[in-house]
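Structure data follow from coords-v5.cif (mmCIF, N, CA and C atoms):
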data_target
loop_
_atom_site.label_atom_id
_atom_site.label_comp_id
_atom_site.auth_asym_id
_atom_site.auth_seq_id
_atom_site.Cartn_x
_atom_site.Cartn_y
_atom_site.Cartn_z
N MET A 1 44.06 -9.63 46.94
CA MET A 1 43.57 -10.41 45.81
C MET A 1 44.27 -11.77 45.81
N ARG A 2 43.58 -12.78 45.34
CA ARG A 2 44.14 -14.12 45.29
C ARG A 2 44.96 -14.32 44.01
N PHE A 3 46.03 -15.13 44.10
CA PHE A 3 46.90 -15.37 42.95
C PHE A 3 46.14 -15.91 41.74
N PRO A 4 45.25 -16.91 41.91
CA PRO A 4 44.52 -17.40 40.73
C PRO A 4 43.75 -16.30 40.01
N ASP A 5 43.18 -15.36 40.77
CA ASP A 5 42.46 -14.24 40.17
C ASP A 5 43.42 -13.32 39.41
N LEU A 6 44.60 -13.08 40.01
CA LEU A 6 45.60 -12.25 39.33
C LEU A 6 46.05 -12.90 38.02
N LEU A 7 46.25 -14.20 38.04
CA LEU A 7 46.70 -14.92 36.85
C LEU A 7 45.63 -14.88 35.76
N ILE A 8 44.38 -15.14 36.11
CA ILE A 8 43.29 -15.09 35.13
C ILE A 8 43.17 -13.69 34.55
N GLU A 9 43.28 -12.67 35.37
CA GLU A 9 43.20 -11.29 34.88
C GLU A 9 44.34 -10.98 33.91
N ALA A 10 45.54 -11.46 34.21
CA ALA A 10 46.67 -11.25 33.30
C ALA A 10 46.43 -11.95 31.97
N ILE A 11 45.87 -13.14 32.01
CA ILE A 11 45.58 -13.86 30.76
C ILE A 11 44.51 -13.12 29.97
N ARG A 12 43.49 -12.65 30.65
CA ARG A 12 42.41 -11.91 29.96
C ARG A 12 42.91 -10.64 29.31
N SER A 13 43.89 -9.99 29.92
CA SER A 13 44.39 -8.73 29.38
C SER A 13 45.47 -8.93 28.31
N SER A 14 45.81 -10.19 28.04
CA SER A 14 46.83 -10.46 27.03
C SER A 14 46.24 -10.34 25.63
N GLU A 15 47.09 -10.43 24.65
CA GLU A 15 46.68 -10.33 23.25
C GLU A 15 46.22 -11.68 22.71
N ILE A 16 46.24 -12.71 23.54
CA ILE A 16 45.84 -14.04 23.10
C ILE A 16 44.32 -14.06 22.94
N PRO A 17 43.82 -14.46 21.79
CA PRO A 17 42.35 -14.43 21.56
C PRO A 17 41.64 -15.62 22.21
N LEU A 18 41.49 -15.57 23.51
CA LEU A 18 40.85 -16.66 24.25
C LEU A 18 39.44 -16.32 24.69
N ARG A 19 39.02 -15.10 24.49
CA ARG A 19 37.76 -14.64 25.07
C ARG A 19 36.54 -15.39 24.56
N PHE A 20 36.65 -16.06 23.44
CA PHE A 20 35.47 -16.68 22.84
C PHE A 20 35.30 -18.13 23.25
N GLU A 21 36.25 -18.69 23.96
CA GLU A 21 36.18 -20.08 24.41
C GLU A 21 35.86 -20.11 25.89
N PRO A 22 34.73 -20.67 26.29
CA PRO A 22 34.43 -20.76 27.72
C PRO A 22 35.49 -21.59 28.46
N GLY A 23 36.00 -21.05 29.54
CA GLY A 23 37.00 -21.76 30.34
C GLY A 23 38.40 -21.70 29.77
N ALA A 24 38.62 -20.93 28.72
CA ALA A 24 39.94 -20.87 28.10
C ALA A 24 40.99 -20.30 29.05
N GLU A 25 40.61 -19.27 29.81
CA GLU A 25 41.58 -18.67 30.74
C GLU A 25 42.07 -19.69 31.76
N GLU A 26 41.14 -20.48 32.29
CA GLU A 26 41.51 -21.49 33.28
C GLU A 26 42.40 -22.57 32.66
N SER A 27 42.13 -22.90 31.39
CA SER A 27 42.94 -23.91 30.70
C SER A 27 44.37 -23.43 30.50
N VAL A 28 44.55 -22.15 30.26
CA VAL A 28 45.88 -21.58 30.10
C VAL A 28 46.55 -21.45 31.47
N ALA A 29 45.80 -21.09 32.48
CA ALA A 29 46.36 -20.87 33.82
C ALA A 29 46.84 -22.17 34.46
N LEU A 30 46.20 -23.29 34.18
CA LEU A 30 46.54 -24.55 34.83
C LEU A 30 48.00 -24.97 34.63
N PRO A 31 48.53 -24.99 33.39
CA PRO A 31 49.94 -25.37 33.25
C PRO A 31 50.91 -24.36 33.88
N VAL A 32 50.53 -23.10 33.89
CA VAL A 32 51.37 -22.08 34.54
C VAL A 32 51.41 -22.34 36.04
N THR A 33 50.25 -22.62 36.62
CA THR A 33 50.18 -22.91 38.05
C THR A 33 50.97 -24.17 38.39
N ARG A 34 50.87 -25.20 37.56
CA ARG A 34 51.63 -26.43 37.79
C ARG A 34 53.14 -26.17 37.73
N LEU A 35 53.56 -25.36 36.77
CA LEU A 35 54.97 -25.02 36.65
C LEU A 35 55.46 -24.28 37.89
N LEU A 36 54.69 -23.30 38.35
CA LEU A 36 55.08 -22.55 39.55
C LEU A 36 55.12 -23.44 40.77
N ARG A 37 54.16 -24.37 40.89
CA ARG A 37 54.14 -25.29 42.03
C ARG A 37 55.41 -26.14 42.04
N ARG A 38 55.82 -26.66 40.88
CA ARG A 38 57.04 -27.48 40.81
C ARG A 38 58.27 -26.65 41.13
N TRP A 39 58.31 -25.42 40.62
CA TRP A 39 59.46 -24.53 40.84
C TRP A 39 59.59 -24.19 42.33
N ILE A 40 58.49 -23.80 42.97
CA ILE A 40 58.52 -23.48 44.39
C ILE A 40 58.84 -24.74 45.20
N GLY A 41 58.23 -25.86 44.83
CA GLY A 41 58.46 -27.11 45.54
C GLY A 41 59.89 -27.60 45.45
N ALA A 42 60.58 -27.25 44.40
CA ALA A 42 61.97 -27.67 44.23
C ALA A 42 62.91 -26.97 45.20
N HIS A 43 62.44 -25.92 45.83
CA HIS A 43 63.27 -25.14 46.75
C HIS A 43 62.95 -25.48 48.19
N ALA A 44 62.85 -26.76 48.49
CA ALA A 44 62.58 -27.21 49.86
C ALA A 44 63.76 -26.84 50.75
N SER A 45 63.44 -26.32 51.93
CA SER A 45 64.49 -25.95 52.88
C SER A 45 63.90 -25.93 54.28
N GLU A 46 64.72 -25.59 55.23
CA GLU A 46 64.31 -25.53 56.64
C GLU A 46 64.23 -24.06 57.07
N GLY A 47 63.64 -23.84 58.23
CA GLY A 47 63.63 -22.52 58.84
C GLY A 47 62.70 -21.54 58.15
N PRO A 48 63.07 -20.23 58.17
CA PRO A 48 62.21 -19.19 57.61
C PRO A 48 61.90 -19.41 56.13
N ALA A 49 62.83 -19.97 55.40
CA ALA A 49 62.59 -20.20 53.97
C ALA A 49 61.45 -21.20 53.78
N SER A 50 61.33 -22.14 54.70
CA SER A 50 60.25 -23.12 54.64
C SER A 50 58.90 -22.44 54.84
N LEU A 51 58.84 -21.46 55.73
CA LEU A 51 57.61 -20.71 55.95
C LEU A 51 57.22 -19.92 54.72
N LEU A 52 58.22 -19.31 54.07
CA LEU A 52 57.96 -18.56 52.84
C LEU A 52 57.44 -19.49 51.75
N ARG A 53 58.05 -20.64 51.63
CA ARG A 53 57.62 -21.63 50.64
C ARG A 53 56.17 -22.03 50.89
N SER A 54 55.81 -22.28 52.13
CA SER A 54 54.43 -22.64 52.48
C SER A 54 53.46 -21.52 52.14
N GLN A 55 53.86 -20.29 52.42
CA GLN A 55 53.01 -19.14 52.11
C GLN A 55 52.82 -19.01 50.59
N LEU A 56 53.90 -19.15 49.83
CA LEU A 56 53.79 -19.04 48.38
C LEU A 56 52.89 -20.11 47.80
N LEU A 57 52.99 -21.34 48.31
CA LEU A 57 52.12 -22.41 47.82
C LEU A 57 50.67 -22.14 48.19
N ALA A 58 50.41 -21.61 49.36
CA ALA A 58 49.04 -21.27 49.76
C ALA A 58 48.48 -20.15 48.88
N GLU A 59 49.31 -19.17 48.54
CA GLU A 59 48.88 -18.11 47.63
C GLU A 59 48.59 -18.68 46.25
N LEU A 60 49.45 -19.57 45.79
CA LEU A 60 49.28 -20.19 44.47
C LEU A 60 47.96 -20.94 44.38
N ASP A 61 47.58 -21.60 45.47
CA ASP A 61 46.32 -22.35 45.51
C ASP A 61 45.11 -21.46 45.77
N GLY A 62 45.34 -20.19 46.07
CA GLY A 62 44.24 -19.28 46.35
C GLY A 62 43.68 -19.43 47.76
N GLU A 63 44.43 -20.12 48.61
CA GLU A 63 43.99 -20.32 50.00
C GLU A 63 44.12 -19.05 50.83
N ILE A 64 45.11 -18.21 50.48
CA ILE A 64 45.30 -16.92 51.14
C ILE A 64 45.52 -15.88 50.06
N SER A 65 45.28 -14.63 50.43
CA SER A 65 45.46 -13.53 49.47
C SER A 65 46.93 -13.17 49.32
N VAL A 66 47.26 -12.62 48.16
CA VAL A 66 48.60 -12.12 47.90
C VAL A 66 48.75 -10.81 48.67
N PRO A 67 49.84 -10.62 49.42
CA PRO A 67 50.04 -9.35 50.14
C PRO A 67 50.10 -8.18 49.16
N GLU A 68 49.56 -7.08 49.58
CA GLU A 68 49.59 -5.89 48.72
C GLU A 68 50.79 -5.03 49.00
#
Whole structure, structure tokens version:
Amino acid sequence: MRFPDLLIEAIRSSEIPLRFEPGAEESVALPVTRLLRRWIGAHASEGPASLLRSQLLAELDGEISVPE
């Protein structure tokens, strides 16, 4: 499953009454995704950690699936 789908599902299952606003889940997910991107990006490094960082950013963007 892709990270954006997991995030939207988590928002939908929350107690926050967003179900009646079209696009509300995406509006809530956007700042969370931006925060995670900045947090992961702040951990720039070399070697294997750099590969992990690249993978996490690709998962965050939904380019690759989250490992099960």
Translate the PyMOL selection byres (((chain A and resi 68 and name CA) around 12) and name CA) into a concrete residue list for this structure, as a ChimeraX atom specification.
/A:1-3,65-67
Shell around stretch 28-35 of chain A at 8 Å using all atoms listed in the file, local window under 6 positions removed, as a VMD selection string
chain A and resid 4 7 to 8 11 41 60 to 61
Can I get the selection written as a tab-separated table (two decimals), in the coordinates of the input, with N, CA and C atoms?
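Wrote it out as result30.tsv, contents follow:
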chain	number	residue	atom	x	y	z
A	4	PRO	N	45.25	-16.91	41.91
A	4	PRO	CA	44.52	-17.40	40.73
A	4	PRO	C	43.75	-16.30	40.01
A	7	LEU	N	46.25	-14.20	38.04
A	7	LEU	CA	46.70	-14.92	36.85
A	7	LEU	C	45.63	-14.88	35.76
A	8	ILE	N	44.38	-15.14	36.11
A	8	ILE	CA	43.29	-15.09	35.13
A	8	ILE	C	43.17	-13.69	34.55
A	11	ILE	N	45.87	-13.14	32.01
A	11	ILE	CA	45.58	-13.86	30.76
A	11	ILE	C	44.51	-13.12	29.97
A	41	GLY	N	58.23	-25.86	44.83
A	41	GLY	CA	58.46	-27.11	45.54
A	41	GLY	C	59.89	-27.60	45.45
A	60	LEU	N	49.45	-19.57	45.79
A	60	LEU	CA	49.28	-20.19	44.47
A	60	LEU	C	47.96	-20.94	44.38
A	61	ASP	N	47.58	-21.60	45.47
A	61	ASP	CA	46.32	-22.35	45.51
A	61	ASP	C	45.11	-21.46	45.77
Which polymer residues, protein or nucleic acid, are no farther than 8 Å from (51.9, -22.8, 48.0), counting all atoms listed in the file, as a ChimeraX atom specification?
/A:36-37,40-41,52-63
Separation of atom N of A:Ser45 and atom N of A:Asp5, in Å?
25.6 Å
Between atom N of A:Leu6 and atom N of A:Glu26, measure the distance and give it in Å to one decimal.
11.2 Å
Extract stretch 14-64 of chain A from the structure I just pasted (atoms: N, CA and C atoms) and return it as a PDB file, in the first residue's frame.
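Listing of part_19.pdb after writing:
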ATOM      1  N   SER A  14     -10.322   8.494  11.934  1.00  0.00           N
ATOM      2  CA  SER A  14     -10.206   9.293  13.147  1.00  0.00           C
ATOM      3  C   SER A  14     -11.571   9.809  13.575  1.00  0.00           C
ATOM      4  N   GLU A  15     -11.611  10.420  14.722  1.00  0.00           N
ATOM      5  CA  GLU A  15     -12.850  10.980  15.263  1.00  0.00           C
ATOM      6  C   GLU A  15     -13.114  12.386  14.741  1.00  0.00           C
ATOM      7  N   ILE A  16     -12.236  12.883  13.882  1.00  0.00           N
ATOM      8  CA  ILE A  16     -12.393  14.232  13.349  1.00  0.00           C
ATOM      9  C   ILE A  16     -13.535  14.218  12.323  1.00  0.00           C
ATOM     10  N   PRO A  17     -14.519  15.077  12.473  1.00  0.00           N
ATOM     11  CA  PRO A  17     -15.678  15.059  11.553  1.00  0.00           C
ATOM     12  C   PRO A  17     -15.373  15.730  10.217  1.00  0.00           C
ATOM     13  N   LEU A  18     -14.623  15.053   9.374  1.00  0.00           N
ATOM     14  CA  LEU A  18     -14.240  15.609   8.077  1.00  0.00           C
ATOM     15  C   LEU A  18     -15.021  14.991   6.923  1.00  0.00           C
ATOM     16  N   ARG A  19     -15.808  13.991   7.192  1.00  0.00           N
ATOM     17  CA  ARG A  19     -16.425  13.220   6.118  1.00  0.00           C
ATOM     18  C   ARG A  19     -17.368  14.028   5.240  1.00  0.00           C
ATOM     19  N   PHE A  20     -17.834  15.156   5.717  1.00  0.00           N
ATOM     20  CA  PHE A  20     -18.840  15.900   4.971  1.00  0.00           C
ATOM     21  C   PHE A  20     -18.243  16.961   4.064  1.00  0.00           C
ATOM     22  N   GLU A  21     -16.960  17.181   4.140  1.00  0.00           N
ATOM     23  CA  GLU A  21     -16.285  18.173   3.304  1.00  0.00           C
ATOM     24  C   GLU A  21     -15.508  17.464   2.206  1.00  0.00           C
ATOM     25  N   PRO A  22     -15.842  17.687   0.944  1.00  0.00           N
ATOM     26  CA  PRO A  22     -15.072  17.056  -0.129  1.00  0.00           C
ATOM     27  C   PRO A  22     -13.607  17.508  -0.097  1.00  0.00           C
ATOM     28  N   GLY A  23     -12.708  16.553  -0.151  1.00  0.00           N
ATOM     29  CA  GLY A  23     -11.282  16.861  -0.143  1.00  0.00           C
ATOM     30  C   GLY A  23     -10.714  17.183   1.226  1.00  0.00           C
ATOM     31  N   ALA A  24     -11.502  17.033   2.273  1.00  0.00           N
ATOM     32  CA  ALA A  24     -11.027  17.375   3.615  1.00  0.00           C
ATOM     33  C   ALA A  24      -9.854  16.499   4.047  1.00  0.00           C
ATOM     34  N   GLU A  25      -9.914  15.207   3.717  1.00  0.00           N
ATOM     35  CA  GLU A  25      -8.827  14.307   4.117  1.00  0.00           C
ATOM     36  C   GLU A  25      -7.507  14.742   3.497  1.00  0.00           C
ATOM     37  N   GLU A  26      -7.542  15.109   2.223  1.00  0.00           N
ATOM     38  CA  GLU A  26      -6.330  15.550   1.539  1.00  0.00           C
ATOM     39  C   GLU A  26      -5.807  16.854   2.138  1.00  0.00           C
ATOM     40  N   SER A  27      -6.728  17.738   2.546  1.00  0.00           N
ATOM     41  CA  SER A  27      -6.324  19.008   3.155  1.00  0.00           C
ATOM     42  C   SER A  27      -5.626  18.787   4.490  1.00  0.00           C
ATOM     43  N   VAL A  28      -6.053  17.795   5.235  1.00  0.00           N
ATOM     44  CA  VAL A  28      -5.419  17.475   6.513  1.00  0.00           C
ATOM     45  C   VAL A  28      -4.094  16.756   6.261  1.00  0.00           C
ATOM     46  N   ALA A  29      -4.047  15.899   5.265  1.00  0.00           N
ATOM     47  CA  ALA A  29      -2.846  15.109   4.980  1.00  0.00           C
ATOM     48  C   ALA A  29      -1.694  15.972   4.470  1.00  0.00           C
ATOM     49  N   LEU A  30      -1.982  17.039   3.750  1.00  0.00           N
ATOM     50  CA  LEU A  30      -0.929  17.855   3.149  1.00  0.00           C
ATOM     51  C   LEU A  30       0.060  18.422   4.168  1.00  0.00           C
ATOM     52  N   PRO A  31      -0.385  19.075   5.260  1.00  0.00           N
ATOM     53  CA  PRO A  31       0.607  19.581   6.218  1.00  0.00           C
ATOM     54  C   PRO A  31       1.372  18.465   6.934  1.00  0.00           C
ATOM     55  N   VAL A  32       0.734  17.326   7.131  1.00  0.00           N
ATOM     56  CA  VAL A  32       1.423  16.189   7.753  1.00  0.00           C
ATOM     57  C   VAL A  32       2.526  15.700   6.823  1.00  0.00           C
ATOM     58  N   THR A  33       2.207  15.578   5.543  1.00  0.00           N
ATOM     59  CA  THR A  33       3.197  15.147   4.560  1.00  0.00           C
ATOM     60  C   THR A  33       4.344  16.142   4.461  1.00  0.00           C
ATOM     61  N   ARG A  34       4.037  17.429   4.479  1.00  0.00           N
ATOM     62  CA  ARG A  34       5.094  18.456   4.436  1.00  0.00           C
ATOM     63  C   ARG A  34       5.999  18.361   5.661  1.00  0.00           C
ATOM     64  N   LEU A  35       5.404  18.152   6.827  1.00  0.00           N
ATOM     65  CA  LEU A  35       6.184  18.013   8.054  1.00  0.00           C
ATOM     66  C   LEU A  35       7.117  16.810   7.962  1.00  0.00           C
ATOM     67  N   LEU A  36       6.595  15.673   7.517  1.00  0.00           N
ATOM     68  CA  LEU A  36       7.424  14.470   7.393  1.00  0.00           C
ATOM     69  C   LEU A  36       8.540  14.670   6.383  1.00  0.00           C
ATOM     70  N   ARG A  37       8.244  15.349   5.262  1.00  0.00           N
ATOM     71  CA  ARG A  37       9.267  15.613   4.249  1.00  0.00           C
ATOM     72  C   ARG A  37      10.403  16.445   4.842  1.00  0.00           C
ATOM     73  N   ARG A  38      10.072  17.485   5.612  1.00  0.00           N
ATOM     74  CA  ARG A  38      11.109  18.326   6.233  1.00  0.00           C
ATOM     75  C   ARG A  38      11.907  17.533   7.257  1.00  0.00           C
ATOM     76  N   TRP A  39      11.222  16.703   8.036  1.00  0.00           N
ATOM     77  CA  TRP A  39      11.881  15.911   9.078  1.00  0.00           C
ATOM     78  C   TRP A  39      12.854  14.904   8.446  1.00  0.00           C
ATOM     79  N   ILE A  40      12.402  14.177   7.428  1.00  0.00           N
ATOM     80  CA  ILE A  40      13.272  13.217   6.752  1.00  0.00           C
ATOM     81  C   ILE A  40      14.410  13.950   6.044  1.00  0.00           C
ATOM     82  N   GLY A  41      14.092  15.065   5.398  1.00  0.00           N
ATOM     83  CA  GLY A  41      15.105  15.833   4.685  1.00  0.00           C
ATOM     84  C   GLY A  41      16.172  16.412   5.587  1.00  0.00           C
ATOM     85  N   ALA A  42      15.839  16.662   6.826  1.00  0.00           N
ATOM     86  CA  ALA A  42      16.801  17.218   7.771  1.00  0.00           C
ATOM     87  C   ALA A  42      17.872  16.207   8.163  1.00  0.00           C
ATOM     88  N   HIS A  43      17.650  14.946   7.854  1.00  0.00           N
ATOM     89  CA  HIS A  43      18.586  13.890   8.218  1.00  0.00           C
ATOM     90  C   HIS A  43      19.433  13.469   7.031  1.00  0.00           C
ATOM     91  N   ALA A  44      19.953  14.445   6.307  1.00  0.00           N
ATOM     92  CA  ALA A  44      20.810  14.156   5.155  1.00  0.00           C
ATOM     93  C   ALA A  44      22.099  13.495   5.637  1.00  0.00           C
ATOM     94  N   SER A  45      22.498  12.453   4.923  1.00  0.00           N
ATOM     95  CA  SER A  45      23.733  11.755   5.274  1.00  0.00           C
ATOM     96  C   SER A  45      24.247  11.016   4.049  1.00  0.00           C
ATOM     97  N   GLU A  46      25.340  10.326   4.219  1.00  0.00           N
ATOM     98  CA  GLU A  46      25.969   9.565   3.142  1.00  0.00           C
ATOM     99  C   GLU A  46      25.759   8.071   3.389  1.00  0.00           C
ATOM    100  N   GLY A  47      26.055   7.280   2.375  1.00  0.00           N
ATOM    101  CA  GLY A  47      26.048   5.829   2.510  1.00  0.00           C
ATOM    102  C   GLY A  47      24.657   5.234   2.600  1.00  0.00           C
ATOM    103  N   PRO A  48      24.518   4.112   3.353  1.00  0.00           N
ATOM    104  CA  PRO A  48      23.246   3.401   3.445  1.00  0.00           C
ATOM    105  C   PRO A  48      22.116   4.278   3.988  1.00  0.00           C
ATOM    106  N   ALA A  49      22.442   5.191   4.875  1.00  0.00           N
ATOM    107  CA  ALA A  49      21.401   6.061   5.430  1.00  0.00           C
ATOM    108  C   ALA A  49      20.804   6.945   4.340  1.00  0.00           C
ATOM    109  N   SER A  50      21.616   7.317   3.367  1.00  0.00           N
ATOM    110  CA  SER A  50      21.135   8.121   2.245  1.00  0.00           C
ATOM    111  C   SER A  50      20.141   7.326   1.403  1.00  0.00           C
ATOM    112  N   LEU A  51      20.392   6.045   1.223  1.00  0.00           N
ATOM    113  CA  LEU A  51      19.466   5.188   0.482  1.00  0.00           C
ATOM    114  C   LEU A  51      18.140   5.057   1.214  1.00  0.00           C
ATOM    115  N   LEU A  52      18.209   4.910   2.530  1.00  0.00           N
ATOM    116  CA  LEU A  52      16.985   4.819   3.333  1.00  0.00           C
ATOM    117  C   LEU A  52      16.195   6.116   3.237  1.00  0.00           C
ATOM    118  N   ARG A  53      16.880   7.233   3.310  1.00  0.00           N
ATOM    119  CA  ARG A  53      16.236   8.538   3.198  1.00  0.00           C
ATOM    120  C   ARG A  53      15.527   8.665   1.850  1.00  0.00           C
ATOM    121  N   SER A  54      16.183   8.258   0.780  1.00  0.00           N
ATOM    122  CA  SER A  54      15.581   8.302  -0.554  1.00  0.00           C
ATOM    123  C   SER A  54      14.350   7.415  -0.641  1.00  0.00           C
ATOM    124  N   GLN A  55      14.437   6.241  -0.047  1.00  0.00           N
ATOM    125  CA  GLN A  55      13.297   5.321  -0.052  1.00  0.00           C
ATOM    126  C   GLN A  55      12.123   5.914   0.731  1.00  0.00           C
ATOM    127  N   LEU A  56      12.397   6.482   1.896  1.00  0.00           N
ATOM    128  CA  LEU A  56      11.329   7.073   2.697  1.00  0.00           C
ATOM    129  C   LEU A  56      10.653   8.226   1.970  1.00  0.00           C
ATOM    130  N   LEU A  57      11.433   9.059   1.291  1.00  0.00           N
ATOM    131  CA  LEU A  57      10.844  10.166   0.539  1.00  0.00           C
ATOM    132  C   LEU A  57      10.013   9.647  -0.632  1.00  0.00           C
ATOM    133  N   ALA A  58      10.453   8.599  -1.293  1.00  0.00           N
ATOM    134  CA  ALA A  58       9.680   8.012  -2.389  1.00  0.00           C
ATOM    135  C   ALA A  58       8.371   7.417  -1.871  1.00  0.00           C
ATOM    136  N   GLU A  59       8.405   6.784  -0.700  1.00  0.00           N
ATOM    137  CA  GLU A  59       7.182   6.256  -0.089  1.00  0.00           C
ATOM    138  C   GLU A  59       6.247   7.399   0.278  1.00  0.00           C
ATOM    139  N   LEU A  60       6.800   8.463   0.831  1.00  0.00           N
ATOM    140  CA  LEU A  60       6.007   9.617   1.238  1.00  0.00           C
ATOM    141  C   LEU A  60       5.270  10.220   0.043  1.00  0.00           C
ATOM    142  N   ASP A  61       5.933  10.245  -1.110  1.00  0.00           N
ATOM    143  CA  ASP A  61       5.331  10.790  -2.328  1.00  0.00           C
ATOM    144  C   ASP A  61       4.405   9.800  -3.021  1.00  0.00           C
ATOM    145  N   GLY A  62       4.368   8.565  -2.544  1.00  0.00           N
ATOM    146  CA  GLY A  62       3.525   7.549  -3.166  1.00  0.00           C
ATOM    147  C   GLY A  62       4.124   6.966  -4.432  1.00  0.00           C
ATOM    148  N   GLU A  63       5.414   7.221  -4.644  1.00  0.00           N
ATOM    149  CA  GLU A  63       6.092   6.693  -5.842  1.00  0.00           C
ATOM    150  C   GLU A  63       6.335   5.194  -5.741  1.00  0.00           C
ATOM    151  N   ILE A  64       6.529   4.707  -4.508  1.00  0.00           N
ATOM    152  CA  ILE A  64       6.704   3.275  -4.265  1.00  0.00           C
ATOM    153  C   ILE A  64       5.824   2.892  -3.088  1.00  0.00           C
TER     154      ILE A  64
END
